[in-house]
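> File name my_file.tsv; file contents TSV, C-alpha atoms; full text below.
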chain	number	residue	atom	x	y	z
V	1	MET	CA	94.21	143.52	105.33
V	2	GLY	CA	95.83	146.31	107.24
V	3	CYS	CA	99.32	146.49	108.69
V	4	ASP	CA	98.48	145.33	112.22
V	5	THR	CA	101.22	142.95	113.31
V	6	SER	CA	99.81	142.19	116.78
V	7	ARG	CA	98.55	138.79	115.61
V	8	TYR	CA	102.17	137.62	115.48
V	9	ALA	CA	103.39	139.35	118.63
V	10	GLN	CA	104.02	135.98	120.29
V	11	VAL	CA	106.52	134.99	117.59
V	12	PRO	CA	110.05	135.71	118.86
V	13	ARG	CA	111.75	138.56	117.05
V	14	GLU	CA	114.76	136.29	116.54
V	15	GLU	CA	112.58	133.95	114.47
V	16	LYS	CA	111.24	136.82	112.37
V	17	GLN	CA	114.79	138.07	111.83
V	18	ARG	CA	115.95	134.58	110.86
V	19	LEU	CA	113.35	134.36	108.11
V	20	PHE	CA	114.03	137.92	106.97
V	21	ASP	CA	117.73	137.11	106.68
V	22	GLN	CA	116.86	134.16	104.42
V	23	VAL	CA	114.94	136.54	102.18
V	24	THR	CA	117.79	139.02	101.84
V	25	ALA	CA	120.35	136.22	101.42
V	26	ASP	CA	118.55	134.92	98.34
V	27	GLU	CA	120.68	135.54	95.24
V	28	ARG	CA	117.68	137.08	93.47
V	29	PHE	CA	117.05	139.67	96.19
V	30	GLY	CA	119.44	142.28	94.81
V	31	HIS	CA	117.69	142.13	91.45
V	32	VAL	CA	114.11	142.56	92.68
V	33	LEU	CA	114.41	145.41	95.18
V	34	TYR	CA	116.36	148.63	94.65
V	35	GLY	CA	114.26	151.18	96.57
V	36	CYS	CA	110.76	152.62	96.39
V	37	TYR	CA	109.59	155.98	95.01
V	38	GLU	CA	106.11	155.39	96.46
V	39	CYS	CA	104.68	156.25	93.04
V	40	GLY	CA	102.03	153.51	93.29
V	41	ILE	CA	102.45	152.26	89.72
V	42	CYS	CA	102.82	148.68	90.95
V	43	VAL	CA	99.49	148.95	92.76
V	44	ALA	CA	97.79	150.59	89.79
V	45	THR	CA	98.84	147.75	87.46
V	46	CYS	CA	98.19	144.94	89.97
V	47	PRO	CA	95.06	142.87	89.22
V	48	SER	CA	94.99	141.43	92.74
V	49	ALA	CA	94.83	144.95	94.20
V	50	ARG	CA	91.50	145.40	92.42
V	51	PHE	CA	89.90	142.53	94.31
V	52	TYR	CA	91.79	142.32	97.61
V	53	ASP	CA	93.14	144.69	100.22
V	54	PHE	CA	96.54	144.01	98.70
V	55	SER	CA	99.46	146.33	97.97
V	56	PRO	CA	102.75	145.20	96.40
V	57	ARG	CA	104.09	148.65	97.27
V	58	LYS	CA	103.65	148.06	101.01
V	59	ILE	CA	105.50	144.76	100.78
V	60	ALA	CA	108.41	146.35	98.90
V	61	GLN	CA	108.55	149.28	101.31
V	62	ALA	CA	108.47	147.13	104.44
V	63	THR	CA	111.28	144.96	103.09
V	64	ALA	CA	113.38	147.96	102.08
V	65	ARG	CA	112.92	149.45	105.58
V	66	GLU	CA	113.89	146.07	107.11
V	67	ASP	CA	110.69	146.07	109.14
V	68	VAL	CA	110.94	142.42	110.13
V	69	ASP	CA	107.66	142.44	112.06
V	70	LEU	CA	105.69	143.74	109.09
V	71	VAL	CA	107.52	141.51	106.61
V	72	TYR	CA	106.66	138.50	108.77
V	73	LYS	CA	103.00	139.53	108.71
V	74	PHE	CA	103.08	139.93	104.92
V	75	MET	CA	104.86	136.57	104.57
V	76	ASN	CA	102.03	134.89	106.44
V	77	GLU	CA	99.11	136.70	104.83
V	78	ASP	CA	99.41	139.19	101.96
V	79	VAL	CA	101.86	137.32	99.72
V	80	TRP	CA	99.25	134.65	99.07
V	81	ASP	CA	96.95	137.21	97.43
V	82	CYS	CA	99.50	137.84	94.66
V	83	SER	CA	98.59	136.36	91.26
V	84	GLN	CA	102.27	136.24	90.20
V	85	CYS	CA	101.49	137.98	86.90
V	86	PHE	CA	104.44	140.38	87.37
V	87	SER	CA	102.49	143.37	86.07
V	88	CYS	CA	104.27	145.22	88.88
V	89	ASP	CA	107.52	144.97	86.91
V	90	LYS	CA	106.50	148.27	85.31
V	91	CYS	CA	108.14	149.95	88.32
V	92	PRO	CA	110.25	152.95	87.14
V	93	ARG	CA	112.78	152.18	89.87
V	94	GLY	CA	113.34	148.69	88.49
V	95	ASN	CA	111.79	146.87	91.43
V	96	SER	CA	109.92	143.61	90.98
V	97	PRO	CA	107.47	143.25	93.87
V	98	GLY	CA	106.30	140.02	92.25
V	99	GLY	CA	109.83	138.67	92.33
V	100	LEU	CA	110.18	139.73	95.95
V	101	ILE	CA	106.91	138.01	96.81
V	102	THR	CA	108.20	134.85	95.12
V	103	ILE	CA	111.16	134.84	97.50
V	104	LEU	CA	108.92	135.53	100.51
V	105	ARG	CA	106.65	132.65	99.54
V	106	GLU	CA	109.53	130.24	99.09
V	107	VAL	CA	110.99	131.14	102.49
V	108	ALA	CA	107.55	130.63	104.05
V	109	VAL	CA	107.20	127.20	102.42
V	110	ARG	CA	110.74	126.03	103.15
V	111	ASN	CA	110.26	126.88	106.82
V	112	GLY	CA	106.89	125.13	107.03
V	113	LEU	CA	104.88	128.15	108.16
V	114	LYS	CA	101.35	127.11	109.12
V	115	THR	CA	99.83	129.86	106.99
V	116	ALA	CA	101.76	128.65	103.95
V	117	LYS	CA	100.38	125.15	104.41
V	118	GLU	CA	96.86	126.54	104.73
V	119	ALA	CA	97.25	128.73	101.64
V	120	LEU	CA	98.51	125.84	99.52
V	121	GLU	CA	96.19	123.16	100.88
V	122	GLY	CA	93.85	123.28	97.90
V	123	TYR	CA	96.65	122.89	95.37
V	124	GLY	CA	97.82	119.40	96.32
V	125	ARG	CA	95.73	117.82	93.58
V	126	ILE	CA	97.11	120.24	91.01
V	127	ILE	CA	100.71	119.45	92.02
V	128	TYR	CA	99.98	115.73	91.82
V	129	LYS	CA	98.36	116.25	88.41
V	130	ILE	CA	101.45	118.03	87.08
V	131	MET	CA	103.78	115.35	88.39
V	132	SER	CA	101.77	112.38	87.16
V	133	THR	CA	100.65	113.65	83.73
V	134	GLY	CA	102.48	116.90	82.98
V	135	THR	CA	99.19	118.80	82.85
V	136	GLN	CA	97.85	121.21	85.45
V	137	VAL	CA	94.09	120.90	85.83
V	138	ALA	CA	91.59	118.32	84.67
V	139	PRO	CA	87.91	119.25	84.36
V	140	ASP	CA	86.93	117.09	87.34
V	141	MET	CA	89.14	119.22	89.57
V	142	LEU	CA	87.28	122.44	88.80
V	143	GLN	CA	84.80	122.42	91.65
V	144	PRO	CA	83.52	125.47	93.58
V	145	SER	CA	84.50	123.84	96.87
V	146	ALA	CA	88.12	123.49	95.76
V	147	PHE	CA	88.46	126.92	94.17
V	148	PRO	CA	85.96	129.27	95.83
V	149	ASP	CA	87.97	132.34	94.79
V	150	TRP	CA	87.78	131.54	91.07
V	151	GLY	CA	84.34	133.08	90.72
V	152	PRO	CA	81.09	131.82	89.17
V	153	HIS	CA	82.83	130.38	86.10
V	154	VAL	CA	84.04	127.41	88.14
V	155	LYS	CA	80.46	126.56	89.09
V	156	GLU	CA	79.45	126.76	85.42
V	157	ILE	CA	82.20	124.33	84.43
V	158	SER	CA	81.35	121.96	87.27
V	159	GLU	CA	77.68	121.85	86.29
V	160	ASN	CA	78.48	121.16	82.64
V	161	LEU	CA	81.26	118.56	82.90
V	162	PRO	CA	79.49	116.08	80.56
V	163	TRP	CA	79.51	118.71	77.82
V	164	TRP	CA	83.17	119.52	78.41
V	165	ARG	CA	84.03	115.83	78.13
V	166	ARG	CA	82.17	115.59	74.82
V	167	ALA	CA	84.03	118.64	73.55
V	168	LEU	CA	87.41	117.31	74.73
V	169	PRO	CA	86.98	113.51	74.91
V	170	PRO	CA	89.82	112.28	77.13
V	171	GLU	CA	90.94	108.69	77.45
V	172	THR	CA	89.62	108.68	81.01
V	173	LEU	CA	87.36	111.04	82.93
V	174	HIS	CA	90.28	112.31	84.99
V	175	THR	CA	92.77	113.71	82.48
V	176	THR	CA	92.97	115.95	79.45
V	177	GLU	CA	95.53	113.78	77.70
V	178	SER	CA	93.71	114.03	74.38
V	179	SER	CA	94.39	117.76	74.24
V	180	TRP	CA	97.88	117.75	75.79
V	181	ASP	CA	99.97	114.59	75.57
V	182	VAL	CA	103.21	114.94	77.52
V	183	SER	CA	106.05	112.58	76.58
V	184	GLU	CA	107.83	110.33	79.06
V	185	LYS	CA	111.10	112.18	78.30
V	186	THR	CA	109.51	115.51	79.25
V	187	LEU	CA	108.11	114.05	82.46
V	188	SER	CA	111.53	112.63	83.39
V	189	GLU	CA	113.13	116.02	82.80
V	190	LEU	CA	110.44	117.66	84.93
V	191	TYR	CA	111.11	115.22	87.78
V	192	LEU	CA	114.85	115.87	87.61
V	193	ILE	CA	114.32	119.64	87.73
V	194	TRP	CA	112.01	119.35	90.74
V	195	HIS	CA	114.45	117.06	92.51
V	196	MET	CA	117.64	119.02	91.78
V	197	THR	CA	116.23	122.47	92.52
V	198	GLY	CA	114.78	121.57	95.92
V	199	VAL	CA	111.13	121.73	94.91
V	200	MET	CA	110.47	118.33	96.45
V	201	ASP	CA	111.93	119.49	99.77
V	202	MET	CA	109.54	122.45	99.71
V	203	ILE	CA	106.58	120.18	99.01
V	204	GLN	CA	107.63	117.99	101.93
V	205	GLU	CA	107.40	121.00	104.26
V	206	VAL	CA	103.87	121.73	103.07
V	207	ASP	CA	102.39	118.23	102.75
V	208	GLU	CA	104.29	115.15	103.90
V	209	GLY	CA	101.71	112.74	102.47
V	210	LEU	CA	101.75	114.37	99.04
V	211	HIS	CA	105.55	114.31	99.10
V	212	MET	CA	105.59	110.54	99.71
V	213	ILE	CA	103.18	109.91	96.84
V	214	LEU	CA	105.11	112.13	94.45
V	215	MET	CA	108.44	110.55	95.38
V	216	ASP	CA	107.04	107.09	94.61
V	217	VAL	CA	105.82	108.27	91.20
V	218	MET	CA	108.97	110.24	90.44
V	219	GLU	CA	111.52	107.62	91.47
V	220	GLU	CA	109.79	104.88	89.51
V	221	LYS	CA	109.70	106.97	86.34
V	222	LEU	CA	113.32	108.09	86.71
V	223	GLU	CA	114.53	104.53	87.32
V	224	GLU	CA	112.75	103.46	84.14
V	225	ALA	CA	114.52	106.30	82.33
V	226	GLY	CA	117.91	105.16	83.68
V	227	PHE	CA	118.41	107.71	86.45
V	228	ASP	CA	119.31	106.89	90.05
V	229	LEU	CA	118.34	109.45	92.69
V	230	HIS	CA	120.28	107.58	95.40
V	231	PRO	CA	123.66	106.72	93.89
V	232	ASP	CA	125.24	106.35	97.31
V	233	GLY	CA	122.56	104.04	98.67
V	234	GLU	CA	120.82	106.84	100.61
V	235	ASP	CA	117.18	106.44	101.63
Before anything else, please render the file you have as structure tokens.


Amino acid sequence: MGCDTSRYAQVPREEKQRLFDQVTADERFGHVLYGCYECGICVATCPSARFYDFSPRKIAQATAREDVDLVYKFMNEDVWDCSQCFSCDKCPRGNSPGGLITILREVAVRNGLKTAKEALEGYGRIIYKIMSTGTQVAPDMLQPSAFPDWGPHVKEISENLPWWRRALPPETLHTTESSWDVSEKTLSELYLIWHMTGVMDMIQEVDEGLHMILMDVMEEKLEEAGFDLHPDGED
């Protein structure tokens, strides 16, 4: 990916500025971006830069220069190539491009950007898996069609699922509960965190149907645990 912003020329500058202002207003912003020496250490340590035309340095520089057009382009495209490993925190200036990208992603999701929905489309099942069982990925979910960017290892797992099930015999064919049993208390705490920190609102912006399913699961579990998400009778 280059730095051509013409693809988003039709987006009003006021809208780009509005989103940029949300990025800089985030309380974490002052702790993830101090200025750029252009030393390239963040790129040299970035695993994603080895496989994609991706540069955490360019994202940090564009943000520091307040180039709202370029930041909008990065928010729609480049930030989704980041693996969020935070290897870029080796920056001698104290920047955290990974932390900055986290903020950019959250702003994109909260504002329902079409590109954010497209980037996260394949992760709906993973989010549901976390919310319903506390685990992230079950063997049945590892299919090449769902994760084409995970390389040939996904195909190998998919083709050998019977052997994986014999090695890790779960109670059903759709969970890994035998290897990671999450307690009801932990699940209730997870639901409260997601609800109170606005995660559910972000999911609603990305996938309304998934949000409805998760809310049904979450509210039922929390009611059983003695919590009421609508103390004032709100819907």

> Using all atoms listed in the file, which residues sit within 10 Å of Gln17 of chain V once same-chain residues fewer than 5 positions away are excluded, as a VMD selection string?

chain V and resid 12 22 to 23 66 to 69 71 to 72

> Do you know which residues are at most 9 Å from Val217 of chain V counting all atoms listed in the file, after dropping those on the same chain fewer than 5 positions away, and could you put them as a list of chain:residue names?

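In the requested form, the answer reads V:Met131, V:Ser132, V:Met212, V:Leu222.
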
> In Å, how far is it from atom CA of His153 of chain V to atom CA of Asp78 of chain V?

24.6 Å

> Neighbours of segment 83-95 of chain V within 7 Å (only C-alpha atoms; same-chain residues fewer than 2 positions away dropped), as an MDAnalysis selection string?

chainID V and resid 32:36 41:42 45:46 48 81 97:98

> Calculated over all atoms listed in the file, which of the candidates V:Val206, V:Ala64, V:Ala44, V:Ala108 has the smallest distance to Leu19 of chain V?

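Smallest distance to Leu19 of chain V is found for V:Ala108.
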
> Could you check the closest approach to Ser6 of chain V for each of V:Cys82, V:Ala62, V:Leu70, V:Ile157 and tell me which residue wins, using all atoms listed in the file?

V:Leu70

> One number please: atom CA of Glu77 of chain V to atom CA of Lys16 of chain V, in Å, one decimal.

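Separation of atom CA of Glu77 of chain V and atom CA of Lys16 of chain V: 14.3 Å.
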
> Just write segment 18-71 of chain V with C-alpha atoms, as an mmCIF file, in the first residue's frame, taken from the block above.


data_model
loop_
_atom_site.group_PDB
_atom_site.id
_atom_site.type_symbol
_atom_site.label_atom_id
_atom_site.label_comp_id
_atom_site.auth_asym_id
_atom_site.auth_seq_id
_atom_site.Cartn_x
_atom_site.Cartn_y
_atom_site.Cartn_z
ATOM 1 C CA ARG V 18 -13.830 14.769 13.179
ATOM 2 C CA LEU V 19 -12.335 11.287 13.356
ATOM 3 C CA PHE V 20 -8.810 12.653 13.753
ATOM 4 C CA ASP V 21 -9.978 14.775 16.680
ATOM 5 C CA GLN V 22 -11.371 11.639 18.339
ATOM 6 C CA VAL V 23 -7.949 10.029 18.010
ATOM 7 C CA THR V 24 -6.088 12.932 19.599
ATOM 8 C CA ALA V 25 -8.749 13.329 22.306
ATOM 9 C CA ASP V 26 -8.175 9.770 23.517
ATOM 10 C CA GLU V 27 -6.551 9.816 26.953
ATOM 11 C CA ARG V 28 -3.903 7.344 25.758
ATOM 12 C CA PHE V 29 -2.797 9.523 22.835
ATOM 13 C CA GLY V 30 -0.266 11.566 24.797
ATOM 14 C CA HIS V 31 1.429 8.380 25.953
ATOM 15 C CA VAL V 32 1.812 6.691 22.556
ATOM 16 C CA LEU V 33 3.097 9.516 20.362
ATOM 17 C CA TYR V 34 5.842 11.979 21.281
ATOM 18 C CA GLY V 35 7.515 12.644 17.918
ATOM 19 C CA CYS V 36 9.424 10.658 15.304
ATOM 20 C CA TYR V 37 13.176 10.490 14.653
ATOM 21 C CA GLU V 38 12.548 8.567 11.408
ATOM 22 C CA CYS V 39 15.101 6.007 12.591
ATOM 23 C CA GLY V 40 13.027 3.094 11.265
ATOM 24 C CA ILE V 41 13.512 0.861 14.308
ATOM 25 C CA CYS V 42 9.755 0.296 14.569
ATOM 26 C CA VAL V 43 9.687 -0.951 10.980
ATOM 27 C CA ALA V 44 12.766 -3.130 11.474
ATOM 28 C CA THR V 45 11.192 -4.879 14.477
ATOM 29 C CA CYS V 46 7.689 -5.141 12.973
ATOM 30 C CA PRO V 47 6.724 -8.676 11.845
ATOM 31 C CA SER V 48 3.858 -7.366 9.713
ATOM 32 C CA ALA V 49 6.284 -5.169 7.758
ATOM 33 C CA ARG V 50 8.025 -8.339 6.603
ATOM 34 C CA PHE V 51 4.909 -9.646 4.892
ATOM 35 C CA TYR V 52 2.898 -6.542 3.955
ATOM 36 C CA ASP V 53 3.554 -3.116 2.512
ATOM 37 C CA PHE V 54 3.115 -1.836 6.045
ATOM 38 C CA SER V 55 5.004 0.824 7.992
ATOM 39 C CA PRO V 56 4.222 1.803 11.591
ATOM 40 C CA ARG V 57 6.619 4.719 11.089
ATOM 41 C CA LYS V 58 4.446 6.239 8.344
ATOM 42 C CA ILE V 59 1.379 6.029 10.558
ATOM 43 C CA ALA V 60 3.163 7.727 13.463
ATOM 44 C CA GLN V 61 4.593 10.414 11.195
ATOM 45 C CA ALA V 62 1.283 11.193 9.494
ATOM 46 C CA THR V 63 -0.435 11.519 12.866
ATOM 47 C CA ALA V 64 2.308 13.721 14.286
ATOM 48 C CA ARG V 65 2.068 15.981 11.199
ATOM 49 C CA GLU V 66 -1.741 16.090 11.618
ATOM 50 C CA ASP V 67 -2.160 14.945 8.028
ATOM 51 C CA VAL V 68 -5.846 14.123 8.388
ATOM 52 C CA ASP V 69 -6.191 12.874 4.805
ATOM 53 C CA LEU V 70 -3.372 10.362 5.201
ATOM 54 C CA VAL V 71 -4.467 9.335 8.692
#
